[in-house]
Amino acid sequence: MKILIGLHRNVNTLDKKTAKIASEYHLTFSQFMVLEALYSKGDMSVGEVRERILSSVGTISLIVNNLVKMKYIERIPDKKDRRVCILHLTKEGYEVISKIAPKNEAKITESMDVLDQDEKETLLYLLKKIGGIK
């Protein structure tokens, strides 16, 4: 249990740092996560984004609707399946996330600087092992 609590505390600390950076741009943590997912992975369906950011079905719609209102993303109907919408960063969305993402990455890197390279590699290996990834 101590390991699980330690993992949660560290993730929460990093999430708070990300939320602080996002708030400087008038975004919520979840809105940042959607924009970052589209920025780093490209266009995705709502379901793919939801899975990537670990959001619930109920909240992803609200997050997406608000980002559309802010003109940071747009919904594009999927040509193969009319029930599916593809989310796409607008020019405004790209501009804002391209400012925030490097700041967030720098903050995460700074947080990890307490570990040397061997410790980082060991931590990554152990996290993958716990997650069943070899």
# chains A, B, ... in the order shown; residues from 1 in each chain; ligands from 1
>>> select_by_dssp(residues="range 18-49 of chain A", states="helix (DSSP H, G or I)", output="number ranges by chain")
A: 18-23, 29-41, 46-49
>>> residues_around(residues="Ile60 in chain A", least_positions_apart="6", cutoff="12 Å", atoms="only C-alpha atoms", output="list in words")
Ser30, Gln31, Met33, Val34, Ser45, Val46, Gly47, Glu48, Val49, Arg50, Glu51, Arg52, Ile53, Leu54, Asn66, Leu67 and Leu87 of chain A
>>> select_by_dssp(residues="chain A", states="strand (DSSP E)", output="ChimeraX atom specification")
/A:44-45,73-77,85-89
>>> write_last_selection(atoms="N, CA and C atoms", output="mmCIF file, in the first residue's frame")
data_model
loop_
_atom_site.group_PDB
_atom_site.id
_atom_site.type_symbol
_atom_site.label_atom_id
_atom_site.label_comp_id
_atom_site.auth_asym_id
_atom_site.auth_seq_id
_atom_site.Cartn_x
_atom_site.Cartn_y
_atom_site.Cartn_z
ATOM 1 N N MET A 44 -7.678 12.775 -33.300
ATOM 2 C CA MET A 44 -8.199 11.538 -32.717
ATOM 3 C C MET A 44 -9.704 11.675 -32.533
ATOM 4 N N SER A 45 -10.353 10.534 -32.411
ATOM 5 C CA SER A 45 -11.777 10.540 -32.093
ATOM 6 C C SER A 45 -11.947 10.935 -30.626
ATOM 7 N N ILE A 73 -10.360 23.731 -30.524
ATOM 8 C CA ILE A 73 -10.492 22.499 -31.297
ATOM 9 C C ILE A 73 -11.755 22.580 -32.140
ATOM 10 N N GLU A 74 -11.823 21.710 -33.124
ATOM 11 C CA GLU A 74 -13.039 21.580 -33.916
ATOM 12 C C GLU A 74 -13.365 20.108 -34.074
ATOM 13 N N ARG A 75 -14.644 19.841 -34.255
ATOM 14 C CA ARG A 75 -15.113 18.475 -34.503
ATOM 15 C C ARG A 75 -15.250 18.292 -36.005
ATOM 16 N N ILE A 76 -14.685 17.213 -36.493
ATOM 17 C CA ILE A 76 -14.795 16.888 -37.913
ATOM 18 C C ILE A 76 -15.497 15.534 -38.004
ATOM 19 N N PRO A 77 -16.603 15.463 -38.741
ATOM 20 C CA PRO A 77 -17.286 14.169 -38.871
ATOM 21 C C PRO A 77 -16.379 13.136 -39.538
ATOM 22 N N CYS A 85 -16.893 11.576 -34.222
ATOM 23 C CA CYS A 85 -16.300 12.876 -34.527
ATOM 24 C C CYS A 85 -14.806 12.818 -34.266
ATOM 25 N N ILE A 86 -14.061 13.377 -35.184
ATOM 26 C CA ILE A 86 -12.619 13.495 -35.021
ATOM 27 C C ILE A 86 -12.333 14.884 -34.457
ATOM 28 N N LEU A 87 -11.479 14.932 -33.444
ATOM 29 C CA LEU A 87 -11.101 16.212 -32.851
ATOM 30 C C LEU A 87 -9.816 16.699 -33.500
ATOM 31 N N HIS A 88 -9.798 17.973 -33.834
ATOM 32 C CA HIS A 88 -8.678 18.579 -34.543
ATOM 33 C C HIS A 88 -8.330 19.908 -33.883
ATOM 34 N N LEU A 89 -7.040 20.130 -33.633
ATOM 35 C CA LEU A 89 -6.591 21.413 -33.088
ATOM 36 C C LEU A 89 -6.774 22.512 -34.135
#
>>> atom_distance(atom1="CA of Gly132 in chain A", atom2="CA of Lys2 in chain A")
19.8 Å
>>> closest_residue(among="A:Thr109, A:Ser55, A:Thr122, A:Asn104", to="Lys20 in chain A", atoms="only C-alpha atoms")
A:Asn104
>>> residues_around(residues="Lys134 in chain A", least_positions_apart="6", cutoff="12 Å", atoms="only C-alpha atoms", output="VMD selection string")
chain A and resid 124 to 128
>>> closest_atom_pairs(of="range 21-41 of chain A", to="range 92-100 of chain A", cutoff="8 Å", atoms="only C-alpha atoms", output="JSON lines")
{"residue": "A:Ile21", "atom": "CA", "partner": "A:Ile100", "partner_atom": "CA", "distance": 7.0}
{"residue": "A:Ala22", "atom": "CA", "partner": "A:Ile100", "partner_atom": "CA", "distance": 6.9}
{"residue": "A:Tyr25", "atom": "CA", "partner": "A:Val96", "partner_atom": "CA", "distance": 7.7}
{"residue": "A:Phe32", "atom": "CA", "partner": "A:Ile97", "partner_atom": "CA", "distance": 7.6}
{"residue": "A:Leu35", "atom": "CA", "partner": "A:Ile97", "partner_atom": "CA", "distance": 6.3}
{"residue": "A:Glu36", "atom": "CA", "partner": "A:Ile97", "partner_atom": "CA", "distance": 6.5}
{"residue": "A:Tyr39", "atom": "CA", "partner": "A:Tyr94", "partner_atom": "CA", "distance": 7.0}
>>> decode(residues="range 76-112 of chain A", atoms="N, CA and C atoms", output="PDB file, in the first residue's frame")
ATOM      1  N   ILE A  76     -14.685  17.213 -36.493  1.00  0.00           N
ATOM      2  CA  ILE A  76     -14.795  16.888 -37.913  1.00  0.00           C
ATOM      3  C   ILE A  76     -15.497  15.534 -38.004  1.00  0.00           C
ATOM      4  N   PRO A  77     -16.603  15.463 -38.741  1.00  0.00           N
ATOM      5  CA  PRO A  77     -17.286  14.169 -38.871  1.00  0.00           C
ATOM      6  C   PRO A  77     -16.379  13.136 -39.538  1.00  0.00           C
ATOM      7  N   ASP A  78     -16.376  11.933 -39.001  1.00  0.00           N
ATOM      8  CA  ASP A  78     -15.593  10.836 -39.568  1.00  0.00           C
ATOM      9  C   ASP A  78     -16.278  10.380 -40.845  1.00  0.00           C
ATOM     10  N   LYS A  79     -15.517  10.311 -41.921  1.00  0.00           N
ATOM     11  CA  LYS A  79     -16.073   9.913 -43.217  1.00  0.00           C
ATOM     12  C   LYS A  79     -16.509   8.455 -43.234  1.00  0.00           C
ATOM     13  N   LYS A  80     -15.872   7.631 -42.402  1.00  0.00           N
ATOM     14  CA  LYS A  80     -16.176   6.201 -42.378  1.00  0.00           C
ATOM     15  C   LYS A  80     -17.348   5.862 -41.462  1.00  0.00           C
ATOM     16  N   ASP A  81     -17.538   6.662 -40.417  1.00  0.00           N
ATOM     17  CA  ASP A  81     -18.579   6.372 -39.422  1.00  0.00           C
ATOM     18  C   ASP A  81     -19.183   7.695 -38.963  1.00  0.00           C
ATOM     19  N   ARG A  82     -20.396   7.965 -39.383  1.00  0.00           N
ATOM     20  CA  ARG A  82     -21.031   9.255 -39.103  1.00  0.00           C
ATOM     21  C   ARG A  82     -21.315   9.478 -37.626  1.00  0.00           C
ATOM     22  N   ARG A  83     -21.268   8.411 -36.825  1.00  0.00           N
ATOM     23  CA  ARG A  83     -21.502   8.547 -35.387  1.00  0.00           C
ATOM     24  C   ARG A  83     -20.271   9.067 -34.658  1.00  0.00           C
ATOM     25  N   VAL A  84     -19.127   9.052 -35.348  1.00  0.00           N
ATOM     26  CA  VAL A  84     -17.852   9.402 -34.722  1.00  0.00           C
ATOM     27  C   VAL A  84     -17.415  10.794 -35.178  1.00  0.00           C
ATOM     28  N   CYS A  85     -16.893  11.576 -34.222  1.00  0.00           N
ATOM     29  CA  CYS A  85     -16.300  12.876 -34.527  1.00  0.00           C
ATOM     30  C   CYS A  85     -14.806  12.818 -34.266  1.00  0.00           C
ATOM     31  N   ILE A  86     -14.061  13.377 -35.184  1.00  0.00           N
ATOM     32  CA  ILE A  86     -12.619  13.495 -35.021  1.00  0.00           C
ATOM     33  C   ILE A  86     -12.333  14.884 -34.457  1.00  0.00           C
ATOM     34  N   LEU A  87     -11.479  14.932 -33.444  1.00  0.00           N
ATOM     35  CA  LEU A  87     -11.101  16.212 -32.851  1.00  0.00           C
ATOM     36  C   LEU A  87      -9.816  16.699 -33.500  1.00  0.00           C
ATOM     37  N   HIS A  88      -9.798  17.973 -33.834  1.00  0.00           N
ATOM     38  CA  HIS A  88      -8.678  18.579 -34.543  1.00  0.00           C
ATOM     39  C   HIS A  88      -8.330  19.908 -33.883  1.00  0.00           C
ATOM     40  N   LEU A  89      -7.040  20.130 -33.633  1.00  0.00           N
ATOM     41  CA  LEU A  89      -6.591  21.413 -33.088  1.00  0.00           C
ATOM     42  C   LEU A  89      -6.774  22.512 -34.135  1.00  0.00           C
ATOM     43  N   THR A  90      -7.343  23.629 -33.719  1.00  0.00           N
ATOM     44  CA  THR A  90      -7.404  24.790 -34.601  1.00  0.00           C
ATOM     45  C   THR A  90      -6.067  25.526 -34.514  1.00  0.00           C
ATOM     46  N   LYS A  91      -5.918  26.555 -35.319  1.00  0.00           N
ATOM     47  CA  LYS A  91      -4.699  27.374 -35.272  1.00  0.00           C
ATOM     48  C   LYS A  91      -4.540  27.961 -33.866  1.00  0.00           C
ATOM     49  N   GLU A  92      -5.643  28.473 -33.298  1.00  0.00           N
ATOM     50  CA  GLU A  92      -5.604  29.062 -31.957  1.00  0.00           C
ATOM     51  C   GLU A  92      -5.228  28.018 -30.905  1.00  0.00           C
ATOM     52  N   GLY A  93      -5.787  26.818 -31.050  1.00  0.00           N
ATOM     53  CA  GLY A  93      -5.483  25.742 -30.121  1.00  0.00           C
ATOM     54  C   GLY A  93      -4.027  25.325 -30.211  1.00  0.00           C
ATOM     55  N   TYR A  94      -3.520  25.243 -31.434  1.00  0.00           N
ATOM     56  CA  TYR A  94      -2.116  24.885 -31.627  1.00  0.00           C
ATOM     57  C   TYR A  94      -1.207  25.935 -30.999  1.00  0.00           C
ATOM     58  N   GLU A  95      -1.554  27.200 -31.202  1.00  0.00           N
ATOM     59  CA  GLU A  95      -0.725  28.278 -30.656  1.00  0.00           C
ATOM     60  C   GLU A  95      -0.659  28.219 -29.137  1.00  0.00           C
ATOM     61  N   VAL A  96      -1.795  27.992 -28.479  1.00  0.00           N
ATOM     62  CA  VAL A  96      -1.794  27.978 -27.018  1.00  0.00           C
ATOM     63  C   VAL A  96      -1.093  26.741 -26.464  1.00  0.00           C
ATOM     64  N   ILE A  97      -1.345  25.571 -27.027  1.00  0.00           N
ATOM     65  CA  ILE A  97      -0.727  24.358 -26.486  1.00  0.00           C
ATOM     66  C   ILE A  97       0.766  24.315 -26.803  1.00  0.00           C
ATOM     67  N   SER A  98       1.178  24.919 -27.900  1.00  0.00           N
ATOM     68  CA  SER A  98       2.614  24.940 -28.214  1.00  0.00           C
ATOM     69  C   SER A  98       3.388  25.852 -27.267  1.00  0.00           C
ATOM     70  N   LYS A  99       2.689  26.714 -26.543  1.00  0.00           N
ATOM     71  CA  LYS A  99       3.318  27.527 -25.501  1.00  0.00           C
ATOM     72  C   LYS A  99       3.331  26.777 -24.165  1.00  0.00           C
ATOM     73  N   ILE A 100       2.234  26.072 -23.885  1.00  0.00           N
ATOM     74  CA  ILE A 100       2.085  25.422 -22.583  1.00  0.00           C
ATOM     75  C   ILE A 100       2.881  24.119 -22.487  1.00  0.00           C
ATOM     76  N   ALA A 101       2.832  23.295 -23.511  1.00  0.00           N
ATOM     77  CA  ALA A 101       3.450  21.955 -23.458  1.00  0.00           C
ATOM     78  C   ALA A 101       4.934  22.001 -23.088  1.00  0.00           C
ATOM     79  N   PRO A 102       5.728  22.884 -23.703  1.00  0.00           N
ATOM     80  CA  PRO A 102       7.148  22.918 -23.305  1.00  0.00           C
ATOM     81  C   PRO A 102       7.349  23.344 -21.838  1.00  0.00           C
ATOM     82  N   LYS A 103       6.518  24.258 -21.355  1.00  0.00           N
ATOM     83  CA  LYS A 103       6.607  24.669 -19.945  1.00  0.00           C
ATOM     84  C   LYS A 103       6.280  23.493 -19.032  1.00  0.00           C
ATOM     85  N   ASN A 104       5.259  22.739 -19.405  1.00  0.00           N
ATOM     86  CA  ASN A 104       4.868  21.579 -18.600  1.00  0.00           C
ATOM     87  C   ASN A 104       5.960  20.516 -18.629  1.00  0.00           C
ATOM     88  N   GLU A 105       6.504  20.260 -19.800  1.00  0.00           N
ATOM     89  CA  GLU A 105       7.570  19.267 -19.917  1.00  0.00           C
ATOM     90  C   GLU A 105       8.789  19.678 -19.085  1.00  0.00           C
ATOM     91  N   ALA A 106       9.115  20.964 -19.108  1.00  0.00           N
ATOM     92  CA  ALA A 106      10.249  21.453 -18.313  1.00  0.00           C
ATOM     93  C   ALA A 106       9.999  21.261 -16.820  1.00  0.00           C
ATOM     94  N   LYS A 107       8.770  21.494 -16.389  1.00  0.00           N
ATOM     95  CA  LYS A 107       8.424  21.326 -14.974  1.00  0.00           C
ATOM     96  C   LYS A 107       8.526  19.852 -14.569  1.00  0.00           C
ATOM     97  N   ILE A 108       8.076  18.958 -15.433  1.00  0.00           N
ATOM     98  CA  ILE A 108       8.166  17.522 -15.149  1.00  0.00           C
ATOM     99  C   ILE A 108       9.634  17.090 -15.117  1.00  0.00           C
ATOM    100  N   THR A 109      10.412  17.552 -16.088  1.00  0.00           N
ATOM    101  CA  THR A 109      11.842  17.232 -16.126  1.00  0.00           C
ATOM    102  C   THR A 109      12.529  17.717 -14.857  1.00  0.00           C
ATOM    103  N   GLU A 110      12.194  18.919 -14.445  1.00  0.00           N
ATOM    104  CA  GLU A 110      12.760  19.483 -13.211  1.00  0.00           C
ATOM    105  C   GLU A 110      12.411  18.604 -12.005  1.00  0.00           C
ATOM    106  N   SER A 111      11.188  18.116 -11.964  1.00  0.00           N
ATOM    107  CA  SER A 111      10.761  17.246 -10.860  1.00  0.00           C
ATOM    108  C   SER A 111      11.536  15.929 -10.850  1.00  0.00           C
ATOM    109  N   MET A 112      11.915  15.460 -12.029  1.00  0.00           N
ATOM    110  CA  MET A 112      12.630  14.190 -12.136  1.00  0.00           C
ATOM    111  C   MET A 112      14.133  14.332 -11.936  1.00  0.00           C
TER     112      MET A 112
END
